[in-house]
Every structure is written in structure tokens, then in C-alpha cells.
>>> print(open('model_20.cif').read())   # mmCIF, C-alpha atoms
data_protein
loop_
_atom_site.group_PDB
_atom_site.id
_atom_site.type_symbol
_atom_site.label_atom_id
_atom_site.label_comp_id
_atom_site.auth_asym_id
_atom_site.auth_seq_id
_atom_site.Cartn_x
_atom_site.Cartn_y
_atom_site.Cartn_z
ATOM 1 C CA ALA C 1150 -19.069 -89.447 36.777
ATOM 2 C CA HIS C 1151 -15.479 -89.675 35.599
ATOM 3 C CA ILE C 1152 -12.792 -92.256 36.249
ATOM 4 C CA PRO C 1153 -9.807 -90.198 37.479
ATOM 5 C CA LYS C 1154 -7.272 -89.261 34.840
ATOM 6 C CA SER C 1155 -3.859 -90.848 34.946
ATOM 7 C CA PRO C 1156 -0.816 -88.769 35.951
ATOM 8 C CA ALA C 1157 0.115 -88.541 32.277
ATOM 9 C CA GLY C 1158 -2.334 -85.640 31.909
ATOM 10 C CA HIS C 1159 -3.654 -84.444 28.581
ATOM 11 C CA ALA C 1160 -0.491 -84.388 26.501
ATOM 12 C CA ALA C 1161 -1.073 -87.673 24.665
ATOM 13 C CA CYS C 1162 -4.238 -86.564 22.854
ATOM 14 C CA THR C 1163 -3.460 -82.925 22.204
ATOM 15 C CA GLN C 1164 -0.611 -83.123 19.725
ATOM 16 C CA PRO C 1165 -1.077 -80.446 17.043
ATOM 17 C CA VAL C 1166 -2.903 -82.015 14.091
ATOM 18 C CA PRO C 1167 -5.142 -80.575 11.362
ATOM 19 C CA GLY C 1168 -8.791 -80.431 12.291
ATOM 20 C CA PHE C 1169 -11.088 -83.362 11.628
ATOM 21 C CA LEU C 1170 -14.343 -82.942 9.711
ATOM 22 C CA THR C 1171 -17.149 -81.863 12.019
ATOM 23 C CA ALA C 1172 -20.745 -80.712 11.593
ATOM 24 C CA ASN C 1173 -23.986 -80.555 13.562
ATOM 25 C CA GLY C 1174 -26.688 -83.145 13.028
ATOM 26 C CA SER C 1175 -27.206 -85.652 10.227
ATOM 27 C CA ARG C 1176 -28.895 -83.028 8.025
ATOM 28 C CA ASP C 1177 -25.860 -80.727 8.070
ATOM 29 C CA SER C 1178 -24.645 -81.501 4.560
ATOM 30 C CA HIS C 1179 -22.395 -79.263 2.499
ATOM 31 C CA ALA C 1180 -22.682 -81.358 -0.661
ATOM 32 C CA PRO C 1181 -24.015 -79.366 -3.664
ATOM 33 C CA THR C 1182 -26.358 -82.274 -4.447
ATOM 34 C CA LEU C 1183 -28.129 -84.285 -1.751
ATOM 35 C CA SER C 1184 -28.228 -88.082 -1.699
ATOM 36 C CA ASP C 1185 -31.749 -88.109 -3.181
ATOM 37 C CA GLY C 1186 -30.617 -86.040 -6.165
ATOM 38 C CA ARG C 1187 -32.104 -82.728 -5.031
ATOM 39 C CA LYS C 1188 -30.051 -79.551 -5.084
ATOM 40 C CA ASN C 1189 -28.795 -78.639 -1.622
ATOM 41 C CA ARG C 1190 -30.258 -75.226 -0.834
ATOM 42 C CA SER C 1191 -28.266 -74.774 2.361
ATOM 43 C CA PRO C 1192 -26.063 -71.648 2.391
ATOM 44 C CA ARG C 1193 -23.221 -74.009 3.308
ATOM 45 C CA ALA C 1194 -23.585 -76.062 0.105
ATOM 46 C CA GLY C 1195 -20.273 -76.373 -1.724
ATOM 47 C CA LYS C 1196 -18.269 -75.017 1.206
ATOM 48 C CA PRO C 1197 -15.741 -77.009 3.259
ATOM 49 C CA TYR C 1198 -16.728 -78.368 6.654
ATOM 50 C CA ARG C 1199 -15.280 -77.003 9.852
ATOM 51 C CA GLY C 1200 -12.413 -78.793 11.558
ATOM 52 C CA ILE C 1201 -12.152 -79.898 15.174
ATOM 53 C CA SER C 1202 -9.013 -80.764 17.147
ATOM 54 C CA TRP C 1203 -8.361 -83.452 19.739
ATOM 55 C CA GLU C 1204 -8.061 -80.704 22.335
ATOM 56 C CA THR C 1205 -11.576 -79.466 21.587
ATOM 57 C CA ILE C 1206 -12.926 -83.011 21.593
ATOM 58 C CA ARG C 1207 -11.399 -83.597 25.020
ATOM 59 C CA GLY C 1208 -13.066 -80.431 26.223
ATOM 60 C CA LEU C 1209 -16.446 -81.737 25.079
ATOM 61 C CA ILE C 1210 -15.808 -85.006 26.893
ATOM 62 C CA ASP C 1211 -15.393 -83.077 30.132
ATOM 63 C CA ALA C 1212 -18.341 -80.758 29.376
ATOM 64 C CA PRO C 1213 -20.718 -82.398 26.856
ATOM 65 C CA ALA C 1214 -22.959 -80.314 24.638
ATOM 66 C CA ALA C 1215 -26.597 -79.826 25.662
ATOM 67 C CA VAL C 1216 -28.502 -79.806 22.370
ATOM 68 C CA GLU C 1217 -31.121 -81.933 20.632
ATOM 69 C CA LYS C 1218 -29.799 -84.820 18.512
ATOM 70 C CA ASN C 1219 -30.746 -83.050 15.275
ATOM 71 C CA ASP C 1220 -28.200 -80.374 16.188
ATOM 72 C CA ALA C 1221 -25.665 -82.573 17.969
ATOM 73 C CA PRO C 1222 -22.004 -82.282 16.919
ATOM 74 C CA PHE C 1223 -20.362 -85.200 15.182
ATOM 75 C CA VAL C 1224 -16.916 -85.955 13.826
ATOM 76 C CA ILE C 1225 -15.421 -87.935 10.972
ATOM 77 C CA LEU C 1226 -11.820 -88.479 12.051
ATOM 78 C CA SER C 1227 -10.433 -87.490 8.659
ATOM 79 C CA THR C 1228 -8.590 -84.299 7.833
ATOM 80 C CA TYR C 1229 -10.288 -84.176 4.437
ATOM 81 C CA THR C 1230 -13.005 -81.574 5.042
ATOM 82 C CA GLY C 1231 -14.164 -80.742 1.501
ATOM 83 C CA SER C 1232 -17.862 -80.244 0.783
ATOM 84 C CA ASP C 1233 -18.050 -83.878 -0.394
ATOM 85 C CA GLY C 1234 -16.371 -85.135 2.773
ATOM 86 C CA ARG C 1235 -19.472 -87.010 3.955
ATOM 87 C CA THR C 1236 -19.288 -89.344 0.953
ATOM 88 C CA HIS C 1237 -17.789 -92.767 1.685
ATOM 89 C CA ALA C 1238 -16.082 -93.172 -1.690
ATOM 90 C CA VAL C 1239 -14.515 -89.719 -1.399
ATOM 91 C CA GLN C 1240 -13.127 -90.387 2.084
ATOM 92 C CA ARG C 1241 -11.786 -93.764 0.934
ATOM 93 C CA GLU C 1242 -9.940 -92.007 -1.882
ATOM 94 C CA ARG C 1243 -8.926 -88.708 -0.275
ATOM 95 C CA GLY C 1244 -9.309 -89.231 3.448
ATOM 96 C CA SER C 1245 -6.449 -89.181 5.924
ATOM 97 C CA PHE C 1246 -7.590 -90.475 9.293
ATOM 98 C CA GLY C 1247 -6.062 -89.430 12.584
ATOM 99 C CA GLY C 1248 -8.063 -91.793 14.745
ATOM 100 C CA LEU C 1249 -10.300 -94.842 14.994
ATOM 101 C CA ALA C 1250 -13.868 -94.752 16.321
ATOM 102 C CA VAL C 1251 -16.058 -97.281 18.137
ATOM 103 C CA ASP C 1252 -19.816 -97.345 18.732
ATOM 104 C CA ILE C 1253 -21.102 -99.733 21.431
ATOM 105 C CA ASP C 1254 -24.900 -99.730 21.757
ATOM 106 C CA LYS C 1255 -25.523 -103.322 22.847
ATOM 107 C CA GLY C 1256 -24.580 -105.507 25.781
ATOM 108 C CA ASN C 1257 -24.839 -102.824 28.500
ATOM 109 C CA PRO C 1258 -21.122 -102.978 29.437
ATOM 110 C CA THR C 1259 -19.825 -100.856 32.305
ATOM 111 C CA LEU C 1260 -17.339 -98.054 31.756
ATOM 112 C CA ALA C 1261 -14.661 -100.118 33.499
ATOM 113 C CA GLU C 1262 -15.315 -103.036 31.127
ATOM 114 C CA VAL C 1263 -14.995 -100.799 28.070
ATOM 115 C CA VAL C 1264 -11.802 -99.207 29.386
ATOM 116 C CA ALA C 1265 -10.269 -102.625 30.063
ATOM 117 C CA ALA C 1266 -11.234 -104.063 26.666
ATOM 118 C CA VAL C 1267 -9.941 -101.068 24.706
ATOM 119 C CA SER C 1268 -6.686 -101.106 26.667
ATOM 120 C CA ALA C 1269 -6.209 -104.831 26.037
ATOM 121 C CA VAL C 1270 -6.693 -104.427 22.271
ATOM 122 C CA THR C 1271 -4.589 -101.277 21.867
ATOM 123 C CA GLY C 1272 -1.836 -102.170 24.313
ATOM 124 C CA GLY C 1273 -2.687 -99.313 26.655
ATOM 125 C CA ALA C 1274 -2.810 -96.626 23.975
ATOM 126 C CA SER C 1275 -4.531 -93.288 24.471
ATOM 127 C CA ALA C 1276 -8.316 -93.308 24.063
ATOM 128 C CA GLU C 1277 -11.328 -91.119 24.758
ATOM 129 C CA ILE C 1278 -14.407 -92.931 26.087
ATOM 130 C CA TYR C 1279 -17.812 -91.397 26.827
ATOM 131 C CA SER C 1280 -21.457 -92.421 27.104
ATOM 132 C CA SER C 1281 -23.846 -91.633 24.264
ATOM 133 C CA SER C 1282 -26.715 -89.164 24.427
ATOM 134 C CA SER C 1283 -29.329 -91.913 24.833
ATOM 135 C CA ALA C 1284 -27.454 -93.903 27.491
ATOM 136 C CA SER C 1285 -28.845 -94.603 30.940
ATOM 137 C CA PRO C 1286 -27.811 -96.707 33.959
ATOM 138 C CA GLU C 1287 -30.099 -99.473 32.643
ATOM 139 C CA SER C 1288 -28.855 -99.222 29.047
ATOM 140 C CA ARG C 1289 -25.241 -98.112 28.903
ATOM 141 C CA LYS C 1290 -23.967 -97.091 25.473
ATOM 142 C CA TRP C 1291 -20.495 -95.863 24.592
ATOM 143 C CA ARG C 1292 -18.392 -94.055 22.034
ATOM 144 C CA VAL C 1293 -14.630 -94.535 21.854
ATOM 145 C CA LEU C 1294 -12.154 -92.366 19.928
ATOM 146 C CA ILE C 1295 -8.578 -93.642 19.577
ATOM 147 C CA PRO C 1296 -5.922 -91.173 18.336
ATOM 148 C CA LEU C 1297 -3.290 -92.512 15.939
ATOM 149 C CA ALA C 1298 0.432 -91.825 15.932
ATOM 150 C CA SER C 1299 0.450 -91.568 12.119
ATOM 151 C CA PRO C 1300 -2.305 -90.786 9.591
ATOM 152 C CA LEU C 1301 -4.195 -93.762 8.194
ATOM 153 C CA PRO C 1302 -5.065 -93.607 4.465
ATOM 154 C CA GLY C 1303 -8.746 -93.703 3.668
ATOM 155 C CA ALA C 1304 -8.231 -96.853 1.594
ATOM 156 C CA ASP C 1305 -7.174 -98.713 4.772
ATOM 157 C CA TYR C 1306 -9.739 -97.240 7.143
ATOM 158 C CA SER C 1307 -12.649 -99.654 6.733
ATOM 159 C CA ASP C 1308 -10.555 -102.800 7.100
ATOM 160 C CA THR C 1309 -8.698 -101.341 10.082
ATOM 161 C CA GLN C 1310 -11.983 -100.488 11.770
ATOM 162 C CA ALA C 1311 -13.379 -103.969 11.093
ATOM 163 C CA ALA C 1312 -10.246 -105.540 12.552
ATOM 164 C CA LEU C 1313 -10.557 -103.363 15.669
ATOM 165 C CA PHE C 1314 -14.199 -104.369 16.101
ATOM 166 C CA ASP C 1315 -13.346 -108.047 15.767
ATOM 167 C CA LEU C 1316 -10.669 -107.784 18.456
ATOM 168 C CA LEU C 1317 -13.071 -105.933 20.767
ATOM 169 C CA ARG C 1318 -15.660 -108.652 20.158
ATOM 170 C CA GLN C 1319 -13.133 -111.150 21.483
ATOM 171 C CA GLN C 1320 -12.969 -108.971 24.606
ATOM 172 C CA GLY C 1321 -16.741 -109.181 25.042
ATOM 173 C CA LEU C 1322 -17.859 -105.935 23.377
ATOM 174 C CA THR C 1323 -20.374 -105.732 20.534
ATOM 175 C CA CYS C 1324 -19.466 -102.919 18.139
ATOM 176 C CA ASP C 1325 -21.626 -101.368 15.448
ATOM 177 C CA PHE C 1326 -19.923 -102.257 12.152
ATOM 178 C CA THR C 1327 -21.592 -99.269 10.500
ATOM 179 C CA LEU C 1328 -18.625 -97.239 11.754
ATOM 180 C CA SER C 1329 -16.323 -99.204 9.473
ATOM 181 C CA ARG C 1330 -17.607 -97.022 6.612
ATOM 182 C CA ALA C 1331 -15.173 -94.242 5.791
ATOM 183 C CA ALA C 1332 -17.544 -91.273 6.056
ATOM 184 C CA GLN C 1333 -19.746 -92.571 8.860
ATOM 185 C CA PRO C 1334 -20.092 -89.844 11.513
ATOM 186 C CA VAL C 1335 -19.632 -90.561 15.210
ATOM 187 C CA TYR C 1336 -21.492 -88.235 17.539
ATOM 188 C CA LEU C 1337 -19.449 -86.267 20.041
ATOM 189 C CA PRO C 1338 -20.401 -85.943 23.733
ATOM 190 C CA ASN C 1339 -23.897 -84.543 24.110
ATOM 191 C CA VAL C 1340 -26.597 -84.796 26.767
ATOM 192 C CA PRO C 1341 -29.873 -83.229 25.513
ATOM 193 C CA PRO C 1342 -31.825 -80.899 27.827
ATOM 194 C CA ALA C 1343 -34.492 -83.558 28.407
ATOM 195 C CA ARG C 1344 -31.849 -85.834 29.904
ATOM 196 C CA ARG C 1345 -30.659 -83.232 32.387
ATOM 197 C CA GLY C 1346 -32.029 -82.248 35.773
ATOM 198 C CA GLU C 1347 -33.455 -78.852 36.662
ATOM 199 C CA ASP C 1348 -29.929 -77.808 37.638
ATOM 200 C CA GLY C 1349 -28.714 -78.646 34.120
ATOM 201 C CA ILE C 1350 -26.573 -81.561 35.300
ATOM 202 C CA PRO C 1351 -26.857 -84.755 33.187
ATOM 203 C CA LEU C 1352 -29.008 -87.435 34.770
ATOM 204 C CA PHE C 1353 -26.484 -89.932 33.389
ATOM 205 C CA TYR C 1354 -23.130 -89.286 31.778
ATOM 206 C CA GLN C 1355 -19.800 -91.079 32.199
ATOM 207 C CA SER C 1356 -16.460 -90.566 30.515
ATOM 208 C CA HIS C 1357 -12.805 -91.475 30.773
ATOM 209 C CA HIS C 1358 -9.560 -90.128 29.340
ATOM 210 C CA ALA C 1359 -7.312 -93.167 28.879
ATOM 211 C CA ASP C 1360 -3.930 -91.459 28.718
ATOM 212 C CA GLY C 1361 -1.064 -93.292 27.079
ATOM 213 C CA PRO C 1362 0.996 -93.331 23.894
ATOM 214 C CA LEU C 1363 -0.756 -92.686 20.616
ATOM 215 C CA LEU C 1364 -1.726 -95.920 18.884
ATOM 216 C CA ASP C 1365 1.009 -96.834 16.411
ATOM 217 C CA LEU C 1366 -0.257 -99.121 13.647
ATOM 218 C CA THR C 1367 3.031 -100.885 12.978
ATOM 219 C CA ALA C 1368 3.196 -104.300 11.327
ATOM 220 C CA GLU C 1369 3.396 -105.904 14.780
ATOM 221 C CA ALA C 1370 0.298 -104.157 16.152
ATOM 222 C CA ALA C 1371 -2.561 -106.526 16.996
ATOM 223 C CA ILE C 1372 -5.008 -104.488 14.908
ATOM 224 C CA VAL C 1373 -2.745 -104.608 11.850
ATOM 225 C CA GLU C 1374 -2.270 -108.369 12.220
ATOM 226 C CA ALA C 1375 -6.039 -108.796 12.527
ATOM 227 C CA ARG C 1376 -6.515 -106.627 9.428
ATOM 228 C CA ALA C 1377 -4.098 -108.796 7.455
ATOM 229 C CA ALA C 1378 -5.995 -111.916 8.540
ATOM 230 C CA LEU C 1379 -9.308 -110.311 7.536
ATOM 231 C CA ARG C 1380 -7.945 -109.482 4.076
ATOM 232 C CA ALA C 1381 -6.540 -112.980 3.666
ATOM 233 C CA ARG C 1382 -9.948 -114.497 4.436
ATOM 234 C CA ARG C 1383 -11.602 -112.142 1.965
ATOM 235 C CA GLU C 1384 -9.119 -113.033 -0.775
ATOM 236 C CA ALA C 1385 -9.705 -116.727 -0.099
ATOM 237 C CA ARG C 1386 -13.461 -116.277 -0.460
ATOM 238 C CA GLN C 1387 -12.999 -114.313 -3.681
ATOM 239 C CA ALA C 1388 -10.710 -117.014 -5.061
ATOM 240 C CA GLU C 1389 -13.294 -119.673 -4.207
ATOM 241 C CA ALA C 1390 -16.033 -117.658 -5.902
ATOM 242 C CA ALA C 1391 -13.883 -117.168 -9.004
ATOM 243 C CA ALA C 1392 -13.156 -120.904 -9.114
ATOM 244 C CA ARG C 1393 -16.871 -121.730 -8.883
ATOM 245 C CA SER C 1394 -17.641 -119.241 -11.645
ATOM 246 C CA ALA C 1395 -14.931 -120.692 -13.875
ATOM 247 C CA ASP C 1396 -16.211 -124.217 -13.217
ATOM 248 C CA ALA C 1397 -19.768 -123.190 -14.103
ATOM 249 C CA ALA C 1398 -18.549 -121.545 -17.324
ATOM 250 C CA ALA C 1399 -16.590 -124.652 -18.261
ATOM 251 C CA LYS C 1400 -19.623 -126.883 -17.675
ATOM 252 C CA ARG C 1401 -21.804 -124.571 -19.753
ATOM 253 C CA GLN C 1402 -19.311 -124.618 -22.600
ATOM 254 C CA ALA C 1403 -19.144 -128.387 -22.432
ATOM 255 C CA ARG C 1404 -22.955 -128.564 -22.601
ATOM 256 C CA ILE C 1405 -23.021 -126.251 -25.623
ATOM 257 C CA GLN C 1406 -20.469 -128.396 -27.418
ATOM 258 C CA ALA C 1407 -22.366 -131.557 -26.592
ATOM 259 C CA THR C 1408 -25.873 -130.336 -27.468
ATOM 260 C CA GLY C 1409 -25.386 -127.332 -29.715
ATOM 261 C CA ASP C 1410 -27.758 -125.367 -27.449
ATOM 262 C CA ASP C 1411 -26.134 -122.065 -26.438
ATOM 263 C CA PHE C 1412 -29.225 -120.435 -24.933
ATOM 264 C CA ASP C 1413 -28.312 -118.803 -21.584
ATOM 265 C CA LEU C 1414 -31.410 -118.288 -19.450
ATOM 266 C CA PHE C 1415 -29.705 -115.886 -17.023
ATOM 267 C CA ALA C 1416 -28.113 -113.774 -19.744
ATOM 268 C CA HIS C 1417 -31.456 -113.600 -21.550
ATOM 269 C CA PHE C 1418 -33.246 -112.444 -18.401
ATOM 270 C CA GLU C 1419 -30.657 -109.742 -17.720
ATOM 271 C CA ALA C 1420 -30.857 -108.538 -21.300
ATOM 272 C CA THR C 1421 -34.657 -108.241 -21.268
ATOM 273 C CA HIS C 1422 -35.363 -106.974 -17.743
ATOM 274 C CA THR C 1423 -34.296 -104.031 -15.618
ATOM 275 C CA ILE C 1424 -34.092 -103.805 -11.841
ATOM 276 C CA ALA C 1425 -36.536 -100.885 -11.868
ATOM 277 C CA ALA C 1426 -39.080 -102.885 -13.899
ATOM 278 C CA CYS C 1427 -38.754 -105.862 -11.558
ATOM 279 C CA PHE C 1428 -39.410 -103.683 -8.523
ATOM 280 C CA ALA C 1429 -42.393 -102.045 -10.228
ATOM 281 C CA ALA C 1430 -43.833 -105.444 -11.185
ATOM 282 C CA TYR C 1431 -44.026 -106.355 -7.510
ATOM 283 C CA GLY C 1432 -45.562 -103.099 -6.367
ATOM 284 C CA PHE C 1433 -42.522 -101.190 -5.152
ATOM 285 C CA THR C 1434 -42.495 -97.446 -5.777
ATOM 286 C CA LYS C 1435 -39.577 -94.999 -5.556
#
>>> encode(input="model_20.cif", output="C-alpha cells")
Amino acid sequence: AHIPKSPAGHAACTQPVPGFLTANGSRDSHAPTLSDGRKNRSPRAGKPYRGISWETIRGLIDAPAAVEKNDAPFVILSTYTGSDGRTHAVQRERGSFGGLAVDIDKGNPTLAEVVAAVSAVTGGASAEIYSSSSASPESRKWRVLIPLASPLPGADYSDTQAALFDLLRQQGLTCDFTLSRAAQPVYLPNVPPARRGEDGIPLFYQSHHADGPLLDLTAEAAIVEARAALRARREARQAEAAARSADAAAKRQARIQATGDDFDLFAHFEATHTIAACFAAYGFTK
């Protein structure tokens, strides 16, 4: 089921841009070394990832893939597609993001509610909205991709995402903050065979092309203002923590001067224990 497209057509989301990093399934890693330290024996190890365009993504929204989740296509909306492109620190440093992404797995909102909330937060900007592979009429789940007018540096991505999620929360949507991480994949439209009828048609799938101008993250944009407020709160907390630390250090120094006892229990513990040894002492194994 699709909400009818607006008269604006497809032009808003199909501006020519470099492809975004895409792969198939969480195990599709091109990194030479896997996260557990093992050598990646995939023939794709060390090679760049493929790219995917907005035009292709829109095509998938109209005709979702029909594969198992282990092989389902995903996207990281960054044009950095090197073999280390699934590493958060790398995307923060090298990434250039052409869109924002939202994952809504809780609350069971309707498609109309998601469309309205996204429009309210973005000021009617272009967006792609579709149900996830595990969604059903009783448990609606959504993915939202929002194209940007200008690339967003990887260093700003996480805070921008968090600001977007906070604004959507004020509109009644609960977003998964995991997607604020720079290299977190978002799965593209897919309805596995088991969730399709004998005729191959999805038992449940909904989508909507919200056509409009590309989201422009100017200083006046609500998301940018929310991001600035988020950063201000963080800086305030860090300043408070630094003040508490300085106060504790001053009190310790005063105690040393008064008693001549400079033994630091915490420093001693850190110098004579390791995290690994502490875990082992309580029965944890790697």
C-alpha cells in the first residue's frame, strides 16, 4: 500500500550524487581484519564497497527486495566507501553524508503519523519512508531516509542524528538512537519470501515518497538549532564534571598538606590491577 505521490514527482530525490556505501547483510564486511581480530577471508576483503544512488533506493522503495535478512541490502548514507567504511571512527573522520536516517521500531505508529511527524520536523522536506522487513499490521516499524541539500561532514553526523531523533520524539515517535553512530547501517526495503503470499506479493508493506525540497541544514533549521542545544548541554555537563574533579583534587591536596598522608587508594588500585584480571577474578571469559 502506498500513499499517492505528490505532483512534484521524483525530481527532489534523484539529483546526481556519488553513490552511498551499500552491502548485503551484516556479515558483508570488506575490512581486512574483522572486529574480533581474525583475518577477513572474504574475497572482498580490502576492496571498496559498492555505491548506491537515491534513484536506485527509490526504486527499491517501490519494489522491495525479496531476500532473507542475512542477505538484505543496507546503506550507510556516506559517500566514503573504502574497505574500512563500516568503522564508526573512520566515517566520523572521512565520511561525507548525503542524508539522515531514522529507525522506528516501537510505538506502532501509522504511516500517516510518521509522514506527518517527519514533515513537521523537516519543514516539508523530501523523505523516503517504508516499513521494515519484520513489520506487520499489529507491529508497524519504519525506516526513514532524508536527503540533504549539502553534504554533512562525518564529524557532525552523530549529533545531527541525535537532534533529529529528539525532535521526532517531541512529535510522538520513538527512534532507535543506535542510528546516531556514523557507520551504523540502515536496511533498505526488503520483504523476505516468508512474509509474502503464494503470489509473491508482500503480506504487509507500506511506503511513501514525501516529495519536497532537499533538507537544507542552515543555521536556522530546527535540526541545527536542536543540535546546538544538545552540544551546549553536553559542554555544561563536561564543565560540571571538570569542576567536581578539580574540587576533589583540591580537597585531596589539602588533606595531604594537613596529614602528610599522600596515599591514593584509587591510583594504587589502578596501578596494581588490570581490567582483564578483574573480569577473570569474577568468572568472565573472553
>>> residues_around(input="model_20.cif", residues="Pro1222 of chain C", least_positions_apart="6", cutoff="12 Å", atoms="only C-alpha atoms", output="number ranges by chain")
C: 1170-1177, 1199-1201, 1205-1206, 1209, 1213-1216, 1282, 1334-1341
>>> residues_around(input="model_20.cif", residues="segment 1261-1269 of chain C", least_positions_apart="5", cutoff="8 Å", atoms="all atoms listed in the file", output="ChimeraX atom specification")
/C:1274,1276,1278,1317,1320-1322,1357,1359
>>> write_last_selection(input="model_20.cif", atoms="C-alpha atoms", output="tab-separated table (two decimals), in the frame of the given file")
chain	number	residue	atom	x	y	z
C	1274	ALA	CA	-2.81	-96.63	23.98
C	1276	ALA	CA	-8.32	-93.31	24.06
C	1278	ILE	CA	-14.41	-92.93	26.09
C	1317	LEU	CA	-13.07	-105.93	20.77
C	1320	GLN	CA	-12.97	-108.97	24.61
C	1321	GLY	CA	-16.74	-109.18	25.04
C	1322	LEU	CA	-17.86	-105.94	23.38
C	1357	HIS	CA	-12.80	-91.48	30.77
C	1359	ALA	CA	-7.31	-93.17	28.88
>>> closest_residue(input="model_20.cif", among="C:Ser1285, C:Thr1230, C:Ser1307, C:Gln1387", to="Arg1345 of chain C", atoms="all atoms listed in the file")
C:Ser1285
>>> residues_near_point(input="model_20.cif", point="(-26.7, -89.1, 33.7)", cutoff="9 Å", atoms="all atoms listed in the file", output="list in words")
Ala1150, Ala1284, Ser1285, Pro1286, Val1340, Arg1344, Arg1345, Gly1346, Ile1350, Pro1351, Leu1352, Phe1353, Tyr1354 and Gln1355 of chain C
>>> residues_around(input="model_20.cif", residues="segment 1190-1197 of chain C", least_positions_apart="3", cutoff="9 Å", atoms="all atoms listed in the file", output="JSON list (two decimals) with C-alpha atoms, keeping the file's coordinate frame")
[["chain", "number", "residue", "atom", "x", "y", "z"],
["C", 1170, "LEU", "CA", -14.34, -82.94, 9.71],
["C", 1177, "ASP", "CA", -25.86, -80.73, 8.07],
["C", 1178, "SER", "CA", -24.64, -81.50, 4.56],
["C", 1179, "HIS", "CA", -22.40, -79.26, 2.50],
["C", 1180, "ALA", "CA", -22.68, -81.36, -0.66],
["C", 1181, "PRO", "CA", -24.02, -79.37, -3.66],
["C", 1182, "THR", "CA", -26.36, -82.27, -4.45],
["C", 1187, "ARG", "CA", -32.10, -82.73, -5.03],
["C", 1230, "THR", "CA", -13.00, -81.57, 5.04],
["C", 1231, "GLY", "CA", -14.16, -80.74, 1.50],
["C", 1232, "SER", "CA", -17.86, -80.24, 0.78],
["C", 1233, "ASP", "CA", -18.05, -83.88, -0.39],
["C", 1234, "GLY", "CA", -16.37, -85.14, 2.77]]
>>> resolve_selection(input="model_20.cif", expression="the PyMOL selection byres ((chain C and resi 1293) around 7)", output="VMD selection string")
chain C and resid 1250 to 1252 1276 to 1279 1291 to 1292 1294 to 1295
>>> axis_aligned_box(input="model_20.cif", around="segment 1387-1399 of chain C", padding_each_side="6 Å", output="JSON")
{"center_x": -15.2, "center_y": -119.5, "center_z": -11.0, "size_x": 21.1, "size_y": 22.3, "size_z": 26.6}
>>> resolve_selection(input="model_20.cif", expression="the PyMOL selection byres ((chain C and resi 1236) around 10)", output="PDB file with C-alpha atoms, in the coordinates of the input")
ATOM      1  CA  ALA C1180     -22.682 -81.358  -0.661  1.00  0.00           C
ATOM      2  CA  SER C1184     -28.228 -88.082  -1.699  1.00  0.00           C
ATOM      3  CA  SER C1232     -17.862 -80.244   0.783  1.00  0.00           C
ATOM      4  CA  ASP C1233     -18.050 -83.878  -0.394  1.00  0.00           C
ATOM      5  CA  GLY C1234     -16.371 -85.135   2.773  1.00  0.00           C
ATOM      6  CA  ARG C1235     -19.472 -87.010   3.955  1.00  0.00           C
ATOM      7  CA  HIS C1237     -17.789 -92.767   1.685  1.00  0.00           C
ATOM      8  CA  ALA C1238     -16.082 -93.172  -1.690  1.00  0.00           C
ATOM      9  CA  VAL C1239     -14.515 -89.719  -1.399  1.00  0.00           C
ATOM     10  CA  GLN C1240     -13.127 -90.387   2.084  1.00  0.00           C
ATOM     11  CA  ARG C1241     -11.786 -93.764   0.934  1.00  0.00           C
ATOM     12  CA  ARG C1330     -17.607 -97.022   6.612  1.00  0.00           C
ATOM     13  CA  ALA C1331     -15.173 -94.242   5.791  1.00  0.00           C
ATOM     14  CA  ALA C1332     -17.544 -91.273   6.056  1.00  0.00           C
ATOM     15  CA  GLN C1333     -19.746 -92.571   8.860  1.00  0.00           C
TER      16      GLN C1333
END
>>> atom_distance(input="model_20.cif", atom1="atom CA of Thr1323 of chain C", atom2="atom CA of Ser1280 of chain C")
14.9 Å
>>> atom_distance(input="model_20.cif", atom1="atom CA of Asp1315 of chain C", atom2="atom CA of Asp1365 of chain C")
18.2 Å
>>> closest_residue(input="model_20.cif", among="C:Phe1428, C:Tyr1198, C:Trp1203, C:Phe1223", to="Ser1281 of chain C", atoms="all atoms listed in the file")
C:Phe1223
>>> residues_around(input="model_20.cif", residues="segment 1374-1376 of chain C", least_positions_apart="5", cutoff="10 Å", atoms="all atoms listed in the file", output="list in words")
Asp1305, Ser1307, Asp1308, Thr1309, Gln1310, Ala1311, Ala1312, Leu1313, Phe1314, Asp1315, Leu1316, Leu1366, Thr1367, Ala1368, Glu1369, Ala1381 and Arg1382 of chain C
>>> write_last_selection(input="model_20.cif", atoms="C-alpha atoms", output="tab-separated table (two decimals), in the coordinates of the input")
chain	number	residue	atom	x	y	z
C	1305	ASP	CA	-7.17	-98.71	4.77
C	1307	SER	CA	-12.65	-99.65	6.73
C	1308	ASP	CA	-10.56	-102.80	7.10
C	1309	THR	CA	-8.70	-101.34	10.08
C	1310	GLN	CA	-11.98	-100.49	11.77
C	1311	ALA	CA	-13.38	-103.97	11.09
C	1312	ALA	CA	-10.25	-105.54	12.55
C	1313	LEU	CA	-10.56	-103.36	15.67
C	1314	PHE	CA	-14.20	-104.37	16.10
C	1315	ASP	CA	-13.35	-108.05	15.77
C	1316	LEU	CA	-10.67	-107.78	18.46
C	1366	LEU	CA	-0.26	-99.12	13.65
C	1367	THR	CA	3.03	-100.88	12.98
C	1368	ALA	CA	3.20	-104.30	11.33
C	1369	GLU	CA	3.40	-105.90	14.78
C	1381	ALA	CA	-6.54	-112.98	3.67
C	1382	ARG	CA	-9.95	-114.50	4.44
>>> atom_distance(input="model_20.cif", atom1="atom CA of Phe1246 of chain C", atom2="atom CA of Gly1208 of chain C")
20.4 Å
>>> resolve_selection(input="model_20.cif", expression="the PyMOL selection byres ((chain C and resi 1255) around 9)", output="PDB file with C-alpha atoms, in the coordinates of the input")
ATOM      1  CA  ILE C1253     -21.102 -99.733  21.431  1.00  0.00           C
ATOM      2  CA  ASP C1254     -24.900 -99.730  21.757  1.00  0.00           C
ATOM      3  CA  GLY C1256     -24.580-105.507  25.781  1.00  0.00           C
ATOM      4  CA  ASN C1257     -24.839-102.824  28.500  1.00  0.00           C
ATOM      5  CA  PRO C1258     -21.122-102.978  29.437  1.00  0.00           C
ATOM      6  CA  SER C1288     -28.855 -99.222  29.047  1.00  0.00           C
ATOM      7  CA  ARG C1289     -25.241 -98.112  28.903  1.00  0.00           C
ATOM      8  CA  LYS C1290     -23.967 -97.091  25.473  1.00  0.00           C
ATOM      9  CA  LEU C1322     -17.859-105.935  23.377  1.00  0.00           C
ATOM     10  CA  THR C1323     -20.374-105.732  20.534  1.00  0.00           C
ATOM     11  CA  CYS C1324     -19.466-102.919  18.139  1.00  0.00           C
ATOM     12  CA  ASP C1325     -21.626-101.368  15.448  1.00  0.00           C
TER      13      ASP C1325
END
>>> closest_residue(input="model_20.cif", among="C:Leu1249, C:Val1270, C:Leu1260, C:Ala1399", to="Leu1297 of chain C", atoms="all atoms listed in the file")
C:Leu1249
